[in-house]
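Undergrad: Input structure: data20.pdb, which contains PDB, C-alpha atoms.
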ATOM      1  CA  MET A  39      42.882  33.061   5.615
ATOM      2  CA  ARG A  40      41.888  36.276   7.281
ATOM      3  CA  ARG A  41      38.224  35.217   7.112
ATOM      4  CA  ILE A  42      38.982  31.872   8.732
ATOM      5  CA  ALA A  43      40.882  33.523  11.525
ATOM      6  CA  MET A  44      38.015  35.937  12.094
ATOM      7  CA  ALA A  45      35.499  33.077  12.256
ATOM      8  CA  ILE A  46      37.578  31.187  14.795
ATOM      9  CA  ALA A  47      37.956  34.264  16.909
ATOM     10  CA  THR A  48      34.223  34.952  16.833
ATOM     11  CA  ALA A  49      33.434  31.365  17.816
ATOM     12  CA  GLY A  50      35.808  31.640  20.710
ATOM     13  CA  VAL A  51      34.154  34.790  22.024
ATOM     14  CA  ILE A  52      30.709  33.188  21.842
ATOM     15  CA  ALA A  53      31.874  30.023  23.582
ATOM     16  CA  GLY A  54      33.445  32.046  26.320
ATOM     17  CA  SER A  55      30.308  34.034  26.999
ATOM     18  CA  LEU A  56      28.177  30.904  27.166
ATOM     19  CA  ALA A  57      30.537  29.217  29.564
ATOM     20  CA  GLY A  58      30.199  32.056  31.997
ATOM     21  CA  ALA A  59      26.443  32.349  31.704
ATOM     22  CA  GLN A  60      25.651  29.216  33.692
ATOM     23  CA  THR A  61      27.727  30.304  36.627
ATOM     24  CA  ALA A  62      26.101  33.699  36.700
ATOM     25  CA  THR A  63      22.622  32.174  36.704
ATOM     26  CA  ALA A  64      23.504  29.764  39.495
ATOM     27  CA  ALA A  65      24.732  32.602  41.645
ATOM     28  CA  SER A  66      21.641  34.652  41.195
ATOM     29  CA  THR A  67      19.197  31.821  42.062
ATOM     30  CA  ASN A  68      20.821  30.898  45.354
ATOM     31  CA  ASP A  69      18.956  33.661  47.129
ATOM     32  CA  ILE A  70      15.394  32.908  46.078
ATOM     33  CA  THR A  71      13.135  29.863  46.397
ATOM     34  CA  PRO A  72      12.524  28.344  43.010
ATOM     35  CA  PRO A  73       8.867  28.159  42.004
ATOM     36  CA  PRO A  74       7.283  24.710  41.988
ATOM     37  CA  ALA A  75       7.662  22.936  38.734
ATOM     38  CA  PRO A  76       4.431  23.052  36.785
ATOM     39  CA  ILE A  77       2.614  19.769  36.351
ATOM     40  CA  GLN A  78       2.761  18.835  32.719
ATOM     41  CA  HIS A  79       0.025  16.846  31.105
ATOM     42  CA  PHE A  80       1.320  15.006  28.086
ATOM     43  CA  PRO A  81      -1.225  13.836  25.514
ATOM     44  CA  THR A  82      -1.752  10.118  25.213
ATOM     45  CA  PRO A  83       0.429   8.908  22.360
ATOM     46  CA  ILE A  84      -1.452   7.730  19.327
ATOM     47  CA  ILE A  85       0.060   4.530  18.012
ATOM     48  CA  ALA A  86      -1.067   3.337  14.611
ATOM     49  CA  ALA A  87      -0.127  -0.082  13.319
ATOM     50  CA  LEU A  88       1.843  -0.061  10.114
ATOM     51  CA  ASP A  89      -0.493  -2.532   8.473
ATOM     52  CA  CYS A  90      -3.355  -4.862   9.279
ATOM     53  CA  ALA A  91      -1.004  -7.150  11.175
ATOM     54  CA  GLY A  92       0.862  -4.338  12.847
ATOM     55  CA  THR A  93       4.047  -5.181  11.049
ATOM     56  CA  THR A  94       5.412  -4.523   7.630
ATOM     57  CA  GLY A  95       3.530  -7.562   6.440
ATOM     58  CA  TRP A  96       4.869 -10.744   5.011
ATOM     59  CA  ALA A  97       5.516 -11.696   1.382
ATOM     60  CA  GLY A  98       7.262  -8.370   0.938
ATOM     61  CA  CYS A  99       4.276  -6.080   1.408
ATOM     62  CA  GLY A 100       5.204  -2.633   2.687
ATOM     63  CA  PRO A 101       3.711  -0.794   5.626
ATOM     64  CA  GLY A 102      -0.023  -0.303   5.180
ATOM     65  CA  TRP A 103      -0.357  -3.281   2.852
ATOM     66  CA  ILE A 104      -1.260  -6.889   3.414
ATOM     67  CA  TRP A 105      -0.918 -10.028   1.338
ATOM     68  CA  ARG A 106      -4.209 -11.697   0.470
ATOM     69  CA  ASN A 107      -6.189 -13.150  -2.406
ATOM     70  CA  GLY A 108      -8.422 -10.568  -4.057
ATOM     71  CA  TRP A 109      -9.531  -9.089  -7.363
ATOM     72  CA  ARG A 110      -5.973  -9.117  -8.676
ATOM     73  CA  GLY A 111      -5.280 -12.586  -7.323
ATOM     74  CA  PRO A 112      -2.798 -13.091  -4.475
ATOM     75  CA  ALA A 113      -1.102  -9.732  -4.061
ATOM     76  CA  CYS A 114      -0.383  -6.886  -1.671
ATOM     77  CA  TYR A 115      -3.555  -4.939  -0.941
ATOM     78  CA  VAL A 116      -4.079  -1.788   1.073
ATOM     79  CA  CYS A 117      -5.289  -2.578   4.565
TER      80      CYS A 117
ATOM     81  CA  MET B 232       6.588  -5.442  -8.077
ATOM     82  CA  LYS B 233       3.092  -6.451  -9.125
ATOM     83  CA  ARG B 234       2.822  -3.304 -11.276
ATOM     84  CA  ILE B 235       6.037  -4.114 -13.044
ATOM     85  CA  ARG B 236       4.812  -7.615 -13.744
ATOM     86  CA  LEU B 237       1.490  -6.148 -14.898
ATOM     87  CA  ALA B 238       3.272  -3.884 -17.348
ATOM     88  CA  VAL B 239       5.331  -6.788 -18.619
ATOM     89  CA  THR B 240       2.212  -8.903 -18.937
ATOM     90  CA  ILE B 241       0.361  -6.230 -20.896
ATOM     91  CA  ALA B 242       3.393  -5.737 -23.101
ATOM     92  CA  GLY B 243       3.438  -9.460 -23.765
ATOM     93  CA  LEU B 244      -0.260  -9.458 -24.439
ATOM     94  CA  MET B 245       0.103  -6.577 -26.884
ATOM     95  CA  SER B 246       2.924  -8.379 -28.596
ATOM     96  CA  ALA B 247       0.919 -11.571 -28.909
ATOM     97  CA  ALA B 248      -2.103  -9.658 -30.134
ATOM     98  CA  THR B 249      -0.037  -7.830 -32.713
ATOM     99  CA  ILE B 250       1.241 -11.068 -34.143
ATOM    100  CA  GLY B 251      -2.305 -12.167 -34.796
ATOM    101  CA  ALA B 252      -3.478  -8.716 -35.827
ATOM    102  CA  GLY B 253      -6.216  -8.169 -38.309
ATOM    103  CA  ALA B 254      -9.912  -7.586 -38.213
ATOM    104  CA  ALA B 255     -11.769 -10.024 -35.989
ATOM    105  CA  SER B 256     -13.706 -12.400 -38.129
ATOM    106  CA  ALA B 257     -17.460 -11.945 -38.124
ATOM    107  CA  ASP B 258     -18.031 -15.195 -36.298
ATOM    108  CA  ASP B 259     -15.205 -15.080 -33.789
ATOM    109  CA  TYR B 260     -15.578 -12.085 -31.512
ATOM    110  CA  THR B 261     -14.198 -14.124 -28.628
ATOM    111  CA  THR B 262     -10.728 -12.989 -29.653
ATOM    112  CA  LEU B 263     -11.744  -9.513 -28.476
ATOM    113  CA  LEU B 264     -12.330 -10.625 -24.901
ATOM    114  CA  ILE B 265      -9.690  -9.833 -22.327
ATOM    115  CA  ASP B 266      -8.688 -12.481 -19.797
ATOM    116  CA  PRO B 267      -8.182 -11.052 -16.283
ATOM    117  CA  ASN B 268      -5.554 -13.707 -15.610
ATOM    118  CA  PHE B 269      -3.298 -12.040 -18.193
ATOM    119  CA  VAL B 270      -3.929  -8.553 -16.905
ATOM    120  CA  PHE B 271      -3.464  -9.344 -13.227
ATOM    121  CA  ASP B 272      -0.742 -11.944 -13.698
ATOM    122  CA  THR B 273      -2.634 -14.631 -11.857
ATOM    123  CA  VAL B 274      -4.311 -17.986 -12.410
ATOM    124  CA  GLN B 275      -7.203 -17.402 -10.046
ATOM    125  CA  TYR B 276      -9.825 -16.907 -12.760
ATOM    126  CA  THR B 277     -11.484 -19.654 -14.751
ATOM    127  CA  GLY B 278     -13.178 -18.605 -17.962
ATOM    128  CA  GLY B 279     -16.560 -20.057 -18.757
ATOM    129  CA  ALA B 280     -17.852 -20.859 -22.200
ATOM    130  CA  PRO B 281     -18.213 -17.669 -24.222
ATOM    131  CA  THR B 282     -21.630 -16.386 -25.177
ATOM    132  CA  MET B 283     -21.952 -15.379 -28.803
ATOM    133  CA  ASN B 284     -23.891 -12.251 -29.778
ATOM    134  CA  PRO B 285     -25.069 -11.334 -26.276
ATOM    135  CA  GLY B 286     -28.389  -9.521 -26.241
ATOM    136  CA  GLY B 287     -28.831 -10.273 -29.905
ATOM    137  CA  GLN B 288     -26.047  -7.877 -30.913
ATOM    138  CA  PRO B 289     -22.894  -8.986 -32.738
ATOM    139  CA  GLY B 290     -20.173  -9.635 -30.208
ATOM    140  CA  ALA B 291     -19.145 -11.982 -27.448
ATOM    141  CA  ALA B 292     -19.211 -12.252 -23.668
ATOM    142  CA  ARG B 293     -17.467 -14.434 -21.156
ATOM    143  CA  VAL B 294     -17.669 -14.900 -17.400
ATOM    144  CA  PHE B 295     -14.403 -15.325 -15.516
ATOM    145  CA  SER B 296     -14.938 -16.855 -12.084
ATOM    146  CA  HIS B 297     -12.397 -16.279  -9.348
ATOM    147  CA  ASN B 298     -11.686 -19.305  -7.189
ATOM    148  CA  ASP B 299     -13.046 -17.454  -4.145
ATOM    149  CA  GLY B 300     -16.422 -16.857  -5.789
ATOM    150  CA  ARG B 301     -16.113 -13.333  -7.201
ATOM    151  CA  SER B 302     -16.541 -12.889 -10.952
ATOM    152  CA  ILE B 303     -15.724 -10.620 -13.853
ATOM    153  CA  THR B 304     -17.950 -10.660 -16.929
ATOM    154  CA  ASP B 305     -16.456  -9.177 -20.065
ATOM    155  CA  THR B 306     -18.666  -8.223 -23.005
ATOM    156  CA  VAL B 307     -17.670  -6.686 -26.326
ATOM    157  CA  TRP B 308     -20.069  -5.782 -29.108
ATOM    158  CA  VAL B 309     -18.963  -4.796 -32.577
ATOM    159  CA  LEU B 310     -21.571  -2.430 -33.975
ATOM    160  CA  PRO B 311     -22.076  -0.571 -37.243
ATOM    161  CA  ASP B 312     -20.825   2.797 -35.995
ATOM    162  CA  PRO B 313     -19.684   4.703 -32.887
ATOM    163  CA  ALA B 314     -23.185   6.063 -32.288
ATOM    164  CA  ALA B 315     -24.564   2.545 -32.046
ATOM    165  CA  ALA B 316     -21.728   1.648 -29.674
ATOM    166  CA  THR B 317     -22.571   4.596 -27.439
ATOM    167  CA  ALA B 318     -26.233   3.586 -27.444
ATOM    168  CA  ALA B 319     -25.268   0.061 -26.401
ATOM    169  CA  VAL B 320     -23.265   1.167 -23.356
ATOM    170  CA  THR B 321     -25.986   3.607 -22.357
ATOM    171  CA  ALA B 322     -28.509   0.784 -22.476
ATOM    172  CA  ALA B 323     -26.179  -1.389 -20.400
ATOM    173  CA  GLN B 324     -25.844   1.320 -17.761
ATOM    174  CA  THR B 325     -29.613   1.745 -17.611
ATOM    175  CA  ALA B 326     -30.160  -1.986 -17.257
ATOM    176  CA  ALA B 327     -27.579  -2.400 -14.504
ATOM    177  CA  ALA B 328     -29.185  -3.326 -11.198
ATOM    178  CA  ILE B 329     -26.721  -1.614  -8.889
ATOM    179  CA  ALA B 330     -27.978  -0.281  -5.580
ATOM    180  CA  ASN B 331     -26.417   2.791  -3.987
ATOM    181  CA  PRO B 332     -24.570   3.544  -7.224
ATOM    182  CA  LYS B 333     -21.539   5.784  -7.349
ATOM    183  CA  THR B 334     -20.591   6.867 -10.870
ATOM    184  CA  GLU B 335     -17.175   8.172 -11.831
ATOM    185  CA  PRO B 336     -15.351   8.775 -15.110
ATOM    186  CA  VAL B 337     -12.289   6.636 -15.828
ATOM    187  CA  GLN B 338      -9.539   6.912 -18.405
ATOM    188  CA  VAL B 339     -10.675   3.996 -20.512
ATOM    189  CA  GLY B 340     -11.513   4.233 -24.205
ATOM    190  CA  THR B 341     -14.160   6.818 -25.064
ATOM    191  CA  GLY B 342     -16.631   7.813 -22.361
ATOM    192  CA  GLY B 343     -15.144   5.408 -19.848
ATOM    193  CA  THR B 344     -17.485   5.224 -16.846
ATOM    194  CA  PHE B 345     -17.301   3.116 -13.707
ATOM    195  CA  ILE B 346     -20.391   2.538 -11.577
ATOM    196  CA  SER B 347     -19.907   0.857  -8.222
ATOM    197  CA  GLY B 348     -22.410  -0.160  -5.586
ATOM    198  CA  THR B 349     -24.060  -3.209  -4.128
ATOM    199  CA  SER B 350     -26.659  -5.765  -4.987
ATOM    200  CA  ALA B 351     -30.218  -4.940  -3.945
ATOM    201  CA  ASP B 352     -29.922  -7.026  -0.774
ATOM    202  CA  GLY B 353     -26.466  -5.702   0.027
ATOM    203  CA  SER B 354     -24.905  -9.136   0.052
ATOM    204  CA  GLN B 355     -22.548  -8.423  -2.863
ATOM    205  CA  SER B 356     -20.417  -5.590  -4.127
ATOM    206  CA  LEU B 357     -20.981  -4.776  -7.777
ATOM    207  CA  GLY B 358     -19.159  -2.734 -10.390
ATOM    208  CA  LEU B 359     -19.791  -1.897 -14.013
ATOM    209  CA  LEU B 360     -17.231  -0.427 -16.387
ATOM    210  CA  THR B 361     -18.552   0.815 -19.733
ATOM    211  CA  PHE B 362     -16.780   2.438 -22.644
ATOM    212  CA  THR B 363     -16.630   2.515 -26.420
ATOM    213  CA  GLN B 364     -13.680   2.185 -28.733
ATOM    214  CA  GLY B 365     -14.630   3.161 -32.263
ATOM    215  CA  ASN B 366     -17.432   0.852 -33.328
ATOM    216  CA  ALA B 367     -16.903  -1.419 -30.361
ATOM    217  CA  ALA B 368     -18.835  -1.180 -27.119
ATOM    218  CA  SER B 369     -17.680  -2.937 -23.998
ATOM    219  CA  THR B 370     -18.945  -3.612 -20.512
ATOM    220  CA  ILE B 371     -16.993  -5.265 -17.740
ATOM    221  CA  GLU B 372     -19.077  -6.344 -14.765
ATOM    222  CA  PHE B 373     -17.679  -7.128 -11.340
ATOM    223  CA  ALA B 374     -19.476  -9.088  -8.625
ATOM    224  CA  GLY B 375     -17.731  -9.873  -5.370
ATOM    225  CA  PRO B 376     -17.866  -9.922  -1.588
ATOM    226  CA  ALA B 377     -19.639  -7.025   0.078
ATOM    227  CA  ASN B 378     -16.521  -6.217   2.096
ATOM    228  CA  ASP B 379     -14.166  -6.148  -0.896
ATOM    229  CA  PRO B 380     -15.718  -3.941  -3.575
ATOM    230  CA  PRO B 381     -14.049  -3.458  -6.943
ATOM    231  CA  ASP B 382     -12.550  -0.003  -7.310
ATOM    232  CA  ALA B 383     -11.963   2.363 -10.208
ATOM    233  CA  ALA B 384      -8.236   1.559 -10.377
ATOM    234  CA  LEU B 385      -8.983  -2.124 -10.828
ATOM    235  CA  ALA B 386     -11.583  -1.379 -13.507
ATOM    236  CA  THR B 387      -9.215   1.027 -15.242
ATOM    237  CA  ASP B 388      -6.382  -1.490 -15.415
ATOM    238  CA  LEU B 389      -8.645  -4.130 -16.887
ATOM    239  CA  GLY B 390     -10.424  -1.673 -19.169
ATOM    240  CA  GLN B 391      -7.225  -0.244 -20.608
ATOM    241  CA  ALA B 392      -6.021  -3.745 -21.409
ATOM    242  CA  GLN B 393      -9.387  -4.387 -23.082
ATOM    243  CA  VAL B 394      -9.025  -1.213 -25.152
ATOM    244  CA  ALA B 395      -5.538  -2.258 -26.216
ATOM    245  CA  LEU B 396      -6.826  -5.656 -27.300
ATOM    246  CA  ILE B 397      -9.697  -4.140 -29.293
ATOM    247  CA  GLN B 398      -7.311  -1.718 -30.967
ATOM    248  CA  SER B 399      -4.892  -4.473 -31.857
ATOM    249  CA  ARG B 400      -7.657  -6.652 -33.303
ATOM    250  CA  MET B 401      -9.798  -4.046 -34.989
ATOM    251  CA  GLY B 402      -7.395  -1.186 -35.517
ATOM    252  CA  GLY B 403      -7.991   2.435 -34.483
TER     253      GLY B 403
END
Translate the structure of the given file into structure tokens.
TA:
Amino acid sequence: MRRIAMAIATAGVIAGSLAGAQTATAASTNDITPPPAPIQHFPTPIIAALDCAGTTGWAGCGPGWIWRNGWRGPACYVC
Amino acid sequence: MKRIRLAVTIAGLMSAATIGAGAASADDYTTLLIDPNFVFDTVQYTGGAPTMNPGGQPGAARVFSHNDGRSITDTVWVLPDPAAATAAVTAAQTAAAIANPKTEPVQVGTGGTFISGTSADGSQSLGLLTFTQGNAASTIEFAGPANDPPDAALATDLGQAQVALIQSRMGG
């Protein structure tokens, strides 16, 4: 019980300090011009299709597999 | 799902083979030949007439043609001893006309080896599985489209089923 009470009290102290932090920061930045935001260059996303058809395939094949006729007869084969 | 069916199929094959167990008769080595339709749970392959004593050695061979043109040729020889069986598969490997060959060991019988490559003109993909099982020597040849080569996993699945059939028929 004592441990639970201590934990709640600690959490309360931390929450209180965080709540005040934002206000303090806002006050301090009112007096200076903020630097320009840096231009961020994000890499071009690489999108890979899940299988040959870009879907999970038909006939129950999972991603990366496709249904076709091959050495094992009609079956799911790796793309 | 296909693997589960494959396991069930092999189990059924083993069961059927066990019922008819016993040494293969001297004039009927065709019972030693594995049918890819059973192994791969399909009906795409049509077996041709078996060849008796291929290459003048006691045994049998049969070509299974896939309905899209590819083929699997299964050969089993029953020789006097394991040394003769090893010599037979070595001779088969030497005689194989496979261009750009890649050789890799596979877990099939004794000395299981899979050689893959292409035909001389590059128009076909080729594969050759060789192994021995006691006195028996076996080769399984694959010929298919250049853009769909047979791989070691395929050869291993078929080869292990062939080993199981030889064991059930000949013992050991």
Undergrad: With a distance threshold of 9 Å and counting all atoms listed in the file, extract the residues of chain B near chain A and express them as a ChimeraX atom specification.
TA: /B:233,267-268,270-276,297,299,301-302,375,379-381,385
Undergrad: On this structure, the PyMOL selection byres ((chain B and resi 283) around 12) would catch which residues? List them as a list in words, sorted by chain and number.
TA: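 Evaluating the PyMOL selection byres ((chain B and resi 283) around 12) on these coordinates yields Ala257, Asp258, Asp259, Tyr260, Thr261, Thr262, Leu263, Leu264, Ala280, Pro281, Thr282, Asn284, Pro285, Gly286, Gly287, Gln288, Pro289, Gly290, Ala291, Ala292, Arg293, Thr306, Val307, Trp308 and Val309 of chain B.
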Undergrad: What does the distance from CA of Thr363 in chain B to CA of Ala318 in chain B come to in Å, to one decimal?
TA: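 Here the two named atoms are 9.7 Å from each other.
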Undergrad: Do you have the CA of Asp266 in chain B-CA of Trp103 in chain A distance handy?
TA: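 Between CA of Asp266 in chain B and CA of Trp103 in chain A the gap is 25.8 Å.
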Undergrad: If you measure from CA of Thr349 in chain B to CA of Gln393 in chain B, what distance in Å do you get, rounded to one decimal?
TA: 24.0 Å
Undergrad: List the residues selected by the PyMOL selection byres ((chain B and resi 358) around 12) in the file shown, writing them as JSON, numbers by chain.
TA: {"A": [109], "B": [301, 302, 303, 304, 305, 324, 327, 328, 329, 330, 331, 332, 333, 334, 335, 344, 345, 346, 347, 348, 349, 350, 355, 356, 357, 359, 360, 361, 370, 371, 372, 373, 374, 375, 376, 377, 379, 380, 381, 382, 383, 384, 385, 386, 387]}
Undergrad: Of the residues B:Val337, B:Ile397, B:Ala368, B:Ala351, which is the one nearest to Val320 in chain B, using only C-alpha atoms?
TA: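 Of B:Val337, B:Ile397, B:Ala368, B:Ala351, the one nearest Val320 in chain B, counting only C-alpha atoms, is B:Ala368.
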Undergrad: Which residue gives the smallest distance to Trp105 in chain A among A:Ile84, A:Ala75, A:Cys117, A:Ile70, with only C-alpha atoms counted?
TA: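 Residue with the minimum atom-to-atom distance to Trp105 in chain A: A:Cys117.
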